[in-house]
Structure formats: structure tokens, C-alpha cells
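**Q** I am sharing model_37.cif, which consists of mmCIF, N, CA, C and O atoms:
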data_entry
loop_
_atom_site.label_atom_id
_atom_site.label_comp_id
_atom_site.auth_asym_id
_atom_site.auth_seq_id
_atom_site.Cartn_x
_atom_site.Cartn_y
_atom_site.Cartn_z
N MET A 1 66.91 100.60 61.00
CA MET A 1 65.81 99.90 60.38
C MET A 1 66.32 99.22 59.10
O MET A 1 67.02 99.83 58.30
N ALA A 2 65.97 97.99 58.92
CA ALA A 2 66.39 97.24 57.74
C ALA A 2 65.75 97.85 56.50
O ALA A 2 64.64 98.38 56.54
N ASN A 3 66.46 97.77 55.39
CA ASN A 3 65.96 98.33 54.14
C ASN A 3 65.09 97.30 53.43
O ASN A 3 65.55 96.52 52.61
N VAL A 4 63.80 97.28 53.77
CA VAL A 4 62.84 96.37 53.16
C VAL A 4 62.11 97.13 52.07
O VAL A 4 61.63 98.24 52.31
N PRO A 5 62.02 96.58 50.87
CA PRO A 5 61.34 97.30 49.79
C PRO A 5 59.88 97.60 50.13
O PRO A 5 59.17 96.77 50.71
N ALA A 6 59.45 98.80 49.75
CA ALA A 6 58.07 99.21 50.02
C ALA A 6 57.07 98.26 49.35
O ALA A 6 55.98 98.04 49.88
N ALA A 7 57.45 97.70 48.21
CA ALA A 7 56.56 96.75 47.53
C ALA A 7 56.27 95.55 48.43
O ALA A 7 55.13 95.09 48.51
N ALA A 8 57.30 95.06 49.11
CA ALA A 8 57.12 93.91 50.00
C ALA A 8 56.29 94.28 51.22
O ALA A 8 55.46 93.49 51.68
N VAL A 9 56.50 95.49 51.73
CA VAL A 9 55.72 95.95 52.89
C VAL A 9 54.24 96.06 52.52
O VAL A 9 53.36 95.59 53.26
N ALA A 10 53.96 96.65 51.37
CA ALA A 10 52.56 96.81 50.94
C ALA A 10 51.89 95.46 50.71
O ALA A 10 50.77 95.24 51.17
N ALA A 11 52.56 94.58 50.00
CA ALA A 11 51.98 93.25 49.74
C ALA A 11 51.77 92.49 51.04
O ALA A 11 50.73 91.85 51.25
N SER A 12 52.74 92.59 51.93
CA SER A 12 52.62 91.91 53.23
C SER A 12 51.49 92.48 54.06
O SER A 12 50.83 91.76 54.81
N GLY A 13 51.24 93.78 53.93
CA GLY A 13 50.14 94.40 54.66
C GLY A 13 48.80 93.87 54.21
O GLY A 13 47.91 93.61 55.02
N LEU A 14 48.63 93.71 52.89
CA LEU A 14 47.36 93.19 52.37
C LEU A 14 47.17 91.72 52.78
O LEU A 14 46.11 91.33 53.26
N VAL A 15 48.21 90.92 52.60
CA VAL A 15 48.11 89.50 52.95
C VAL A 15 48.02 89.32 54.46
O VAL A 15 47.17 88.59 54.97
N GLY A 16 48.89 90.01 55.19
CA GLY A 16 48.91 89.88 56.64
C GLY A 16 47.65 90.40 57.30
O GLY A 16 47.15 89.81 58.26
N GLY A 17 47.14 91.52 56.81
CA GLY A 17 45.90 92.06 57.36
C GLY A 17 44.75 91.08 57.22
O GLY A 17 43.98 90.86 58.16
N TYR A 18 44.65 90.47 56.03
CA TYR A 18 43.59 89.49 55.83
C TYR A 18 43.81 88.26 56.72
O TYR A 18 42.87 87.76 57.35
N ALA A 19 45.05 87.78 56.77
CA ALA A 19 45.35 86.59 57.57
C ALA A 19 45.02 86.81 59.05
O ALA A 19 44.41 85.96 59.70
N ILE A 20 45.41 87.96 59.56
CA ILE A 20 45.13 88.26 60.98
C ILE A 20 43.63 88.33 61.22
O ILE A 20 43.12 87.76 62.19
N ALA A 21 42.91 89.02 60.34
CA ALA A 21 41.46 89.12 60.51
C ALA A 21 40.79 87.75 60.45
O ALA A 21 39.91 87.44 61.24
N ARG A 22 41.25 86.93 59.52
CA ARG A 22 40.63 85.61 59.35
C ARG A 22 40.94 84.68 60.52
O ARG A 22 40.07 84.01 61.04
N TRP A 23 42.21 84.64 60.92
CA TRP A 23 42.60 83.66 61.94
C TRP A 23 42.25 84.07 63.36
O TRP A 23 42.10 83.22 64.23
N THR A 24 42.13 85.38 63.60
CA THR A 24 41.73 85.80 64.95
C THR A 24 40.22 85.99 65.05
O THR A 24 39.69 86.04 66.15
N GLY A 25 39.56 86.15 63.90
CA GLY A 25 38.13 86.43 63.91
C GLY A 25 37.83 87.88 64.26
O GLY A 25 36.68 88.24 64.48
N LYS A 26 38.85 88.72 64.32
CA LYS A 26 38.70 90.13 64.69
C LYS A 26 39.12 91.01 63.52
O LYS A 26 40.30 91.28 63.32
N ARG A 27 38.14 91.43 62.75
CA ARG A 27 38.41 92.25 61.57
C ARG A 27 39.14 93.55 61.89
O ARG A 27 40.04 93.96 61.15
N PRO A 28 38.80 94.23 63.00
CA PRO A 28 39.54 95.46 63.31
C PRO A 28 41.03 95.22 63.53
O PRO A 28 41.85 96.07 63.19
N LEU A 29 41.38 94.08 64.07
CA LEU A 29 42.80 93.77 64.28
C LEU A 29 43.52 93.63 62.93
O LEU A 29 44.64 94.10 62.76
N GLY A 30 42.86 93.00 61.98
CA GLY A 30 43.42 92.92 60.63
C GLY A 30 43.54 94.29 60.00
O GLY A 30 44.50 94.59 59.29
N GLY A 31 42.56 95.16 60.29
CA GLY A 31 42.61 96.53 59.79
C GLY A 31 43.77 97.33 60.34
O GLY A 31 44.38 98.14 59.64
N VAL A 32 44.11 97.06 61.60
CA VAL A 32 45.26 97.74 62.21
C VAL A 32 46.55 97.32 61.49
O VAL A 32 47.39 98.17 61.16
N ALA A 33 46.69 96.03 61.22
CA ALA A 33 47.87 95.55 60.49
C ALA A 33 47.91 96.13 59.08
O ALA A 33 48.98 96.56 58.61
N LEU A 34 46.78 96.14 58.41
CA LEU A 34 46.68 96.71 57.06
C LEU A 34 47.09 98.18 57.07
O LEU A 34 47.89 98.62 56.23
N ALA A 35 46.57 98.94 58.01
CA ALA A 35 46.87 100.37 58.10
C ALA A 35 48.33 100.62 58.47
O ALA A 35 48.97 101.53 57.92
N ALA A 36 48.87 99.84 59.38
CA ALA A 36 50.25 100.02 59.79
C ALA A 36 51.21 99.78 58.62
O ALA A 36 52.12 100.58 58.37
N ALA A 37 50.99 98.69 57.91
CA ALA A 37 51.84 98.39 56.75
C ALA A 37 51.66 99.45 55.67
O ALA A 37 52.63 99.87 55.03
N GLY A 38 50.44 99.89 55.46
CA GLY A 38 50.18 100.94 54.47
C GLY A 38 50.88 102.24 54.83
O GLY A 38 51.41 102.92 53.95
N SER A 39 50.92 102.56 56.10
CA SER A 39 51.60 103.78 56.55
C SER A 39 53.11 103.69 56.32
O SER A 39 53.73 104.65 55.86
N VAL A 40 53.68 102.55 56.64
CA VAL A 40 55.12 102.36 56.42
C VAL A 40 55.43 102.41 54.93
O VAL A 40 56.39 103.06 54.50
N ALA A 41 54.61 101.74 54.13
CA ALA A 41 54.82 101.75 52.68
C ALA A 41 54.70 103.17 52.12
O ALA A 41 55.51 103.60 51.31
N ALA A 42 53.68 103.91 52.57
CA ALA A 42 53.49 105.28 52.09
C ALA A 42 54.68 106.17 52.45
O ALA A 42 55.12 106.99 51.63
N TYR A 43 55.20 106.00 53.63
CA TYR A 43 56.38 106.75 54.05
C TYR A 43 57.56 106.46 53.10
O TYR A 43 58.26 107.36 52.65
N GLU A 44 57.76 105.18 52.83
CA GLU A 44 58.87 104.78 51.95
C GLU A 44 58.63 105.26 50.51
O GLU A 44 59.57 105.70 49.84
N TRP A 45 57.40 105.17 50.03
CA TRP A 45 57.11 105.66 48.68
C TRP A 45 57.41 107.15 48.59
O TRP A 45 57.97 107.61 47.61
N ASN A 46 57.02 107.89 49.61
CA ASN A 46 57.29 109.33 49.63
C ASN A 46 58.79 109.60 49.67
O ASN A 46 59.28 110.47 48.95
N ARG A 47 59.49 108.88 50.48
CA ARG A 47 60.94 109.06 50.62
C ARG A 47 61.66 108.73 49.32
O ARG A 47 62.58 109.42 48.91
N GLN A 48 61.23 107.66 48.65
CA GLN A 48 61.92 107.20 47.44
C GLN A 48 61.52 107.96 46.19
O GLN A 48 62.35 108.19 45.32
N SER A 49 60.23 108.31 46.07
CA SER A 49 59.75 108.83 44.79
C SER A 49 58.95 110.12 44.88
O SER A 49 58.47 110.60 43.86
N GLY A 50 58.74 110.64 46.07
CA GLY A 50 58.04 111.90 46.21
C GLY A 50 56.57 111.74 46.55
O GLY A 50 56.00 110.65 46.51
N ALA A 51 55.97 112.89 46.86
CA ALA A 51 54.58 112.90 47.35
C ALA A 51 53.58 112.46 46.29
O ALA A 51 52.60 111.77 46.61
N LYS A 52 53.79 112.85 45.04
CA LYS A 52 52.84 112.48 43.98
C LYS A 52 52.78 110.96 43.81
O LYS A 52 51.70 110.37 43.75
N ALA A 53 53.93 110.33 43.76
CA ALA A 53 53.98 108.87 43.62
C ALA A 53 53.40 108.20 44.86
O ALA A 53 52.65 107.21 44.76
N ALA A 54 53.73 108.73 46.03
CA ALA A 54 53.21 108.14 47.28
C ALA A 54 51.70 108.23 47.34
O ALA A 54 51.03 107.27 47.76
N THR A 55 51.15 109.34 46.90
CA THR A 55 49.70 109.50 46.90
C THR A 55 49.05 108.49 45.96
O THR A 55 48.07 107.83 46.33
N GLY A 56 49.58 108.37 44.76
CA GLY A 56 49.03 107.42 43.80
C GLY A 56 49.12 105.98 44.27
O GLY A 56 48.16 105.22 44.15
N LEU A 57 50.26 105.62 44.85
CA LEU A 57 50.43 104.24 45.32
C LEU A 57 49.57 103.97 46.56
O LEU A 57 49.07 102.86 46.73
N THR A 58 49.40 104.96 47.40
CA THR A 58 48.53 104.79 48.56
C THR A 58 47.08 104.60 48.11
O THR A 58 46.36 103.74 48.66
N LEU A 59 46.66 105.36 47.12
CA LEU A 59 45.31 105.17 46.58
C LEU A 59 45.17 103.79 45.95
O LEU A 59 44.12 103.14 46.09
N ALA A 60 46.22 103.32 45.29
CA ALA A 60 46.20 101.96 44.72
C ALA A 60 46.09 100.91 45.82
O ALA A 60 45.37 99.91 45.67
N TYR A 61 46.78 101.13 46.93
CA TYR A 61 46.74 100.21 48.07
C TYR A 61 45.33 100.11 48.64
O TYR A 61 44.80 99.02 48.86
N VAL A 62 44.69 101.27 48.82
CA VAL A 62 43.32 101.30 49.35
C VAL A 62 42.35 100.68 48.34
O VAL A 62 41.45 99.91 48.72
N ALA A 63 42.54 101.00 47.07
CA ALA A 63 41.68 100.43 46.03
C ALA A 63 41.85 98.91 45.94
O ALA A 63 40.87 98.18 45.71
N ALA A 64 43.06 98.44 46.14
CA ALA A 64 43.30 96.99 46.12
C ALA A 64 42.56 96.31 47.26
O ALA A 64 41.94 95.26 47.08
N PHE A 65 42.63 96.93 48.43
CA PHE A 65 41.91 96.38 49.58
C PHE A 65 40.41 96.32 49.28
O PHE A 65 39.76 95.30 49.47
N ALA A 66 39.86 97.42 48.79
CA ALA A 66 38.43 97.47 48.49
C ALA A 66 38.07 96.51 47.35
O ALA A 66 37.05 95.82 47.41
N GLY A 67 38.91 96.46 46.35
CA GLY A 67 38.64 95.61 45.19
C GLY A 67 38.77 94.13 45.47
O GLY A 67 38.21 93.30 44.74
N SER A 68 39.49 93.79 46.52
CA SER A 68 39.65 92.36 46.84
C SER A 68 38.34 91.74 47.28
O SER A 68 38.13 90.53 47.10
N HIS A 69 37.43 92.53 47.82
CA HIS A 69 36.16 92.00 48.31
C HIS A 69 35.26 91.48 47.18
O HIS A 69 34.85 90.32 47.21
N PRO A 70 34.96 92.29 46.15
CA PRO A 70 34.14 91.74 45.06
C PRO A 70 34.89 90.67 44.26
O PRO A 70 34.27 89.71 43.78
N LEU A 71 36.20 90.81 44.14
CA LEU A 71 36.97 89.78 43.44
C LEU A 71 36.90 88.45 44.17
O LEU A 71 36.83 87.39 43.54
N ALA A 72 36.88 88.49 45.50
CA ALA A 72 36.81 87.26 46.30
C ALA A 72 35.53 86.47 46.03
O ALA A 72 35.53 85.24 46.10
N LYS A 73 34.47 87.16 45.68
CA LYS A 73 33.21 86.46 45.37
C LYS A 73 33.32 85.67 44.07
O LYS A 73 32.58 84.71 43.87
N LYS A 74 34.26 86.06 43.22
CA LYS A 74 34.43 85.38 41.93
C LYS A 74 35.51 84.28 41.98
O LYS A 74 35.34 83.24 41.37
N VAL A 75 36.61 84.55 42.68
CA VAL A 75 37.74 83.61 42.64
C VAL A 75 38.09 83.00 43.99
O VAL A 75 38.95 82.13 44.06
N GLY A 76 37.49 83.48 45.07
CA GLY A 76 37.82 82.98 46.40
C GLY A 76 38.66 84.01 47.15
O GLY A 76 39.30 84.87 46.54
N ALA A 77 38.66 83.89 48.46
CA ALA A 77 39.30 84.89 49.31
C ALA A 77 40.82 84.95 49.13
O ALA A 77 41.37 86.01 48.85
N TRP A 78 41.49 83.82 49.34
CA TRP A 78 42.95 83.85 49.25
C TRP A 78 43.45 84.20 47.86
O TRP A 78 44.37 85.03 47.73
N PRO A 79 42.90 83.62 46.78
CA PRO A 79 43.36 84.04 45.45
C PRO A 79 43.17 85.53 45.22
O PRO A 79 44.01 86.20 44.60
N SER A 80 42.07 86.08 45.72
CA SER A 80 41.81 87.51 45.58
C SER A 80 42.87 88.33 46.31
O SER A 80 43.41 89.29 45.75
N VAL A 81 43.15 87.97 47.53
CA VAL A 81 44.14 88.71 48.32
C VAL A 81 45.51 88.64 47.67
O VAL A 81 46.20 89.66 47.55
N PHE A 82 45.91 87.47 47.21
CA PHE A 82 47.21 87.34 46.56
C PHE A 82 47.27 88.11 45.24
O PHE A 82 48.30 88.68 44.89
N THR A 83 46.16 88.16 44.52
CA THR A 83 46.12 88.89 43.26
C THR A 83 46.30 90.38 43.49
O THR A 83 47.12 91.02 42.82
N VAL A 84 45.54 90.95 44.42
CA VAL A 84 45.66 92.40 44.65
C VAL A 84 47.00 92.75 45.29
O VAL A 84 47.57 93.80 44.99
N ALA A 85 47.52 91.87 46.14
CA ALA A 85 48.82 92.12 46.75
C ALA A 85 49.91 92.13 45.68
O ALA A 85 50.80 92.99 45.69
N GLY A 86 49.82 91.21 44.75
CA GLY A 86 50.78 91.18 43.64
C GLY A 86 50.67 92.41 42.76
O GLY A 86 51.68 92.96 42.31
N GLY A 87 49.45 92.86 42.53
CA GLY A 87 49.25 94.07 41.73
C GLY A 87 49.85 95.30 42.38
O GLY A 87 50.51 96.11 41.73
N VAL A 88 49.64 95.44 43.68
CA VAL A 88 50.19 96.59 44.40
C VAL A 88 51.72 96.50 44.44
O VAL A 88 52.41 97.50 44.26
N ALA A 89 52.24 95.31 44.66
CA ALA A 89 53.70 95.14 44.69
C ALA A 89 54.30 95.49 43.33
O ALA A 89 55.33 96.18 43.26
N ALA A 90 53.66 95.06 42.26
CA ALA A 90 54.17 95.36 40.91
C ALA A 90 54.12 96.86 40.64
O ALA A 90 55.07 97.43 40.10
N ALA A 91 53.02 97.50 41.01
CA ALA A 91 52.91 98.95 40.81
C ALA A 91 53.97 99.69 41.63
O ALA A 91 54.61 100.62 41.14
N SER A 92 54.15 99.26 42.86
CA SER A 92 55.15 99.88 43.73
C SER A 92 56.54 99.74 43.13
O SER A 92 57.31 100.70 43.06
N TRP A 93 56.87 98.56 42.69
CA TRP A 93 58.18 98.32 42.09
C TRP A 93 58.37 99.18 40.85
O TRP A 93 59.43 99.79 40.65
N ALA A 94 57.35 99.23 40.01
CA ALA A 94 57.45 100.00 38.77
C ALA A 94 57.67 101.48 39.02
O ALA A 94 58.45 102.14 38.32
N VAL A 95 57.01 102.02 40.03
CA VAL A 95 57.13 103.45 40.32
C VAL A 95 58.43 103.77 41.05
O VAL A 95 59.08 104.77 40.75
N THR A 96 58.82 102.92 41.99
CA THR A 96 59.99 103.26 42.83
C THR A 96 61.31 102.75 42.29
O THR A 96 62.35 103.18 42.76
N ARG A 97 61.33 101.88 41.31
CA ARG A 97 62.60 101.32 40.83
C ARG A 97 63.50 102.38 40.21
O ARG A 97 64.71 102.27 40.26
N ARG A 98 62.90 103.41 39.63
CA ARG A 98 63.69 104.47 39.02
C ARG A 98 64.45 105.28 40.06
O ARG A 98 65.50 105.82 39.79
N ALA A 99 63.88 105.34 41.26
CA ALA A 99 64.50 106.16 42.32
C ALA A 99 65.59 105.41 43.05
O ALA A 99 66.41 106.01 43.72
N ALA A 100 65.59 104.09 42.94
CA ALA A 100 66.56 103.30 43.71
C ALA A 100 67.95 103.38 43.13
O ALA A 100 68.21 103.73 42.05
#
Show the structure stored in the file as C-alpha cells.
**A**
Amino acid sequence: MANVPAAAVAASGLVGGYAIARWTGKRPLGGVALAAAGSVAAYEWNRQSGAKAATGLTLAYVAAFAGSHPLAKKVGAWPSVFTVAGGVAAASWAVTRRAA
């Protein structure tokens, strides 16, 4: 398996999950992509930084997904998704960079 940073996986899951849901019109399909990427990211966070960090970052990932909805009403859907994806990627990088 290629060594892809967990930050990129998490951000891609948020952006990709939304894109799939929007372009296919099937929200559950976007949810599957979101969950799959979140699972891979959580595994990597745990491997790199331990269970405590993985738990915190996974909660941040879920909170970002939930928070993107009210934010989208203020700034638009895509800007909201990119904002929360960037936030999760930054948090992931900040927590896991010490372990790398």
C-alpha cells in the first residue's frame, strides 16, 4: 500500500464524499465514500500517533462533516466542504507530524 498521508485521506474523504453524493444524486453512496476514507484515516492516525490522537481526529472528522452543513448555508456548499476538509487536514498534520 502506498504511503499516503492520513491528512490527505481525510480531506479527500470529505471532498470526495460530497462530490459523489452531489454528482450521483445518491447521498448514501457519498456516505460510503466518507466512511471508507474516515476508516482508513483513523487506522493511520492510530498507527502513527496512538489511540488517543486517533479518537480525537476521528471526532474532528465527524464534526467537520456535521459542521459543513450549517456553514454551507452561509458560504455555499463547495466553499464549506473545502474549508472543513482543510481544517481536518491541518489538524491531522499537526497531530501526526511529530510521529513521522
**Q** Suppose a student applies the PyMOL selection byres ((chain A and resi 42-58) around 8) to this structure; what residues should they get, written as a list in words?
**A** Val4, Pro5, Ala6, Ala7, Val9, Ala10, Ala35, Ala36, Ala37, Gly38, Ser39, Val40, Ala41, Leu59, Ala60, Tyr61, Val62, Ala63, Ala64, Phe65, Val88, Ala91, Ser92, Val95, Thr96, Arg97, Arg98, Ala99 and Ala100 of chain A
**Q** For the residues in that selection, give me N, CA, C and O atoms as a compact mmCIF listing (two decimals), in the coordinates of the input.
**A**
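Output (selection_39.txt):
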# COMPACT_ATOMS: atom_id res chain seq x y z
N VAL A 4 63.80 97.28 53.77
CA VAL A 4 62.84 96.37 53.16
C VAL A 4 62.11 97.13 52.07
O VAL A 4 61.63 98.24 52.31
N PRO A 5 62.02 96.58 50.87
CA PRO A 5 61.34 97.30 49.79
C PRO A 5 59.88 97.60 50.13
O PRO A 5 59.17 96.77 50.71
N ALA A 6 59.45 98.80 49.75
CA ALA A 6 58.07 99.21 50.02
C ALA A 6 57.07 98.26 49.35
O ALA A 6 55.98 98.04 49.88
N ALA A 7 57.45 97.70 48.21
CA ALA A 7 56.56 96.75 47.53
C ALA A 7 56.27 95.55 48.43
O ALA A 7 55.13 95.09 48.51
N VAL A 9 56.50 95.49 51.73
CA VAL A 9 55.72 95.95 52.89
C VAL A 9 54.24 96.06 52.52
O VAL A 9 53.36 95.59 53.26
N ALA A 10 53.96 96.65 51.37
CA ALA A 10 52.56 96.81 50.94
C ALA A 10 51.89 95.46 50.71
O ALA A 10 50.77 95.24 51.17
N ALA A 35 46.57 98.94 58.01
CA ALA A 35 46.87 100.37 58.10
C ALA A 35 48.33 100.62 58.47
O ALA A 35 48.97 101.53 57.92
N ALA A 36 48.87 99.84 59.38
CA ALA A 36 50.25 100.02 59.79
C ALA A 36 51.21 99.78 58.62
O ALA A 36 52.12 100.58 58.37
N ALA A 37 50.99 98.69 57.91
CA ALA A 37 51.84 98.39 56.75
C ALA A 37 51.66 99.45 55.67
O ALA A 37 52.63 99.87 55.03
N GLY A 38 50.44 99.89 55.46
CA GLY A 38 50.18 100.94 54.47
C GLY A 38 50.88 102.24 54.83
O GLY A 38 51.41 102.92 53.95
N SER A 39 50.92 102.56 56.10
CA SER A 39 51.60 103.78 56.55
C SER A 39 53.11 103.69 56.32
O SER A 39 53.73 104.65 55.86
N VAL A 40 53.68 102.55 56.64
CA VAL A 40 55.12 102.36 56.42
C VAL A 40 55.43 102.41 54.93
O VAL A 40 56.39 103.06 54.50
N ALA A 41 54.61 101.74 54.13
CA ALA A 41 54.82 101.75 52.68
C ALA A 41 54.70 103.17 52.12
O ALA A 41 55.51 103.60 51.31
N LEU A 59 46.66 105.36 47.12
CA LEU A 59 45.31 105.17 46.58
C LEU A 59 45.17 103.79 45.95
O LEU A 59 44.12 103.14 46.09
N ALA A 60 46.22 103.32 45.29
CA ALA A 60 46.20 101.96 44.72
C ALA A 60 46.09 100.91 45.82
O ALA A 60 45.37 99.91 45.67
N TYR A 61 46.78 101.13 46.93
CA TYR A 61 46.74 100.21 48.07
C TYR A 61 45.33 100.11 48.64
O TYR A 61 44.80 99.02 48.86
N VAL A 62 44.69 101.27 48.82
CA VAL A 62 43.32 101.30 49.35
C VAL A 62 42.35 100.68 48.34
O VAL A 62 41.45 99.91 48.72
N ALA A 63 42.54 101.00 47.07
CA ALA A 63 41.68 100.43 46.03
C ALA A 63 41.85 98.91 45.94
O ALA A 63 40.87 98.18 45.71
N ALA A 64 43.06 98.44 46.14
CA ALA A 64 43.30 96.99 46.12
C ALA A 64 42.56 96.31 47.26
O ALA A 64 41.94 95.26 47.08
N PHE A 65 42.63 96.93 48.43
CA PHE A 65 41.91 96.38 49.58
C PHE A 65 40.41 96.32 49.28
O PHE A 65 39.76 95.30 49.47
N VAL A 88 49.64 95.44 43.68
CA VAL A 88 50.19 96.59 44.40
C VAL A 88 51.72 96.50 44.44
O VAL A 88 52.41 97.50 44.26
N ALA A 91 53.02 97.50 41.01
CA ALA A 91 52.91 98.95 40.81
C ALA A 91 53.97 99.69 41.63
O ALA A 91 54.61 100.62 41.14
N SER A 92 54.15 99.26 42.86
CA SER A 92 55.15 99.88 43.73
C SER A 92 56.54 99.74 43.13
O SER A 92 57.31 100.70 43.06
N VAL A 95 57.01 102.02 40.03
CA VAL A 95 57.13 103.45 40.32
C VAL A 95 58.43 103.77 41.05
O VAL A 95 59.08 104.77 40.75
N THR A 96 58.82 102.92 41.99
CA THR A 96 59.99 103.26 42.83
C THR A 96 61.31 102.75 42.29
O THR A 96 62.35 103.18 42.76
N ARG A 97 61.33 101.88 41.31
CA ARG A 97 62.60 101.32 40.83
C ARG A 97 63.50 102.38 40.21
O ARG A 97 64.71 102.27 40.26
N ARG A 98 62.90 103.41 39.63
CA ARG A 98 63.69 104.47 39.02
C ARG A 98 64.45 105.28 40.06
O ARG A 98 65.50 105.82 39.79
N ALA A 99 63.88 105.34 41.26
CA ALA A 99 64.50 106.16 42.32
C ALA A 99 65.59 105.41 43.05
O ALA A 99 66.41 106.01 43.72
N ALA A 100 65.59 104.09 42.94
CA ALA A 100 66.56 103.30 43.71
C ALA A 100 67.95 103.38 43.13
O ALA A 100 68.21 103.73 42.05
**Q** Could you jot down the atom CA of Leu29 of chain A to atom CA of Gly86 of chain A separation for me, Å, one decimal place?
**A**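 So the answer is 22.3 Å.
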**Q** Between atom N of Ala94 of chain A and atom O of Ala8 of chain A, what is the distance, to one decimal in Å?
**A**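 It comes out at 13.1 Å.
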**Q** For atom O of Gly16 of chain A and atom CA of Val32 of chain A, determine how far apart the two atoms are, in Å to one decimal place.
**A**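 Computing it gives 9.1 Å between the two atoms.
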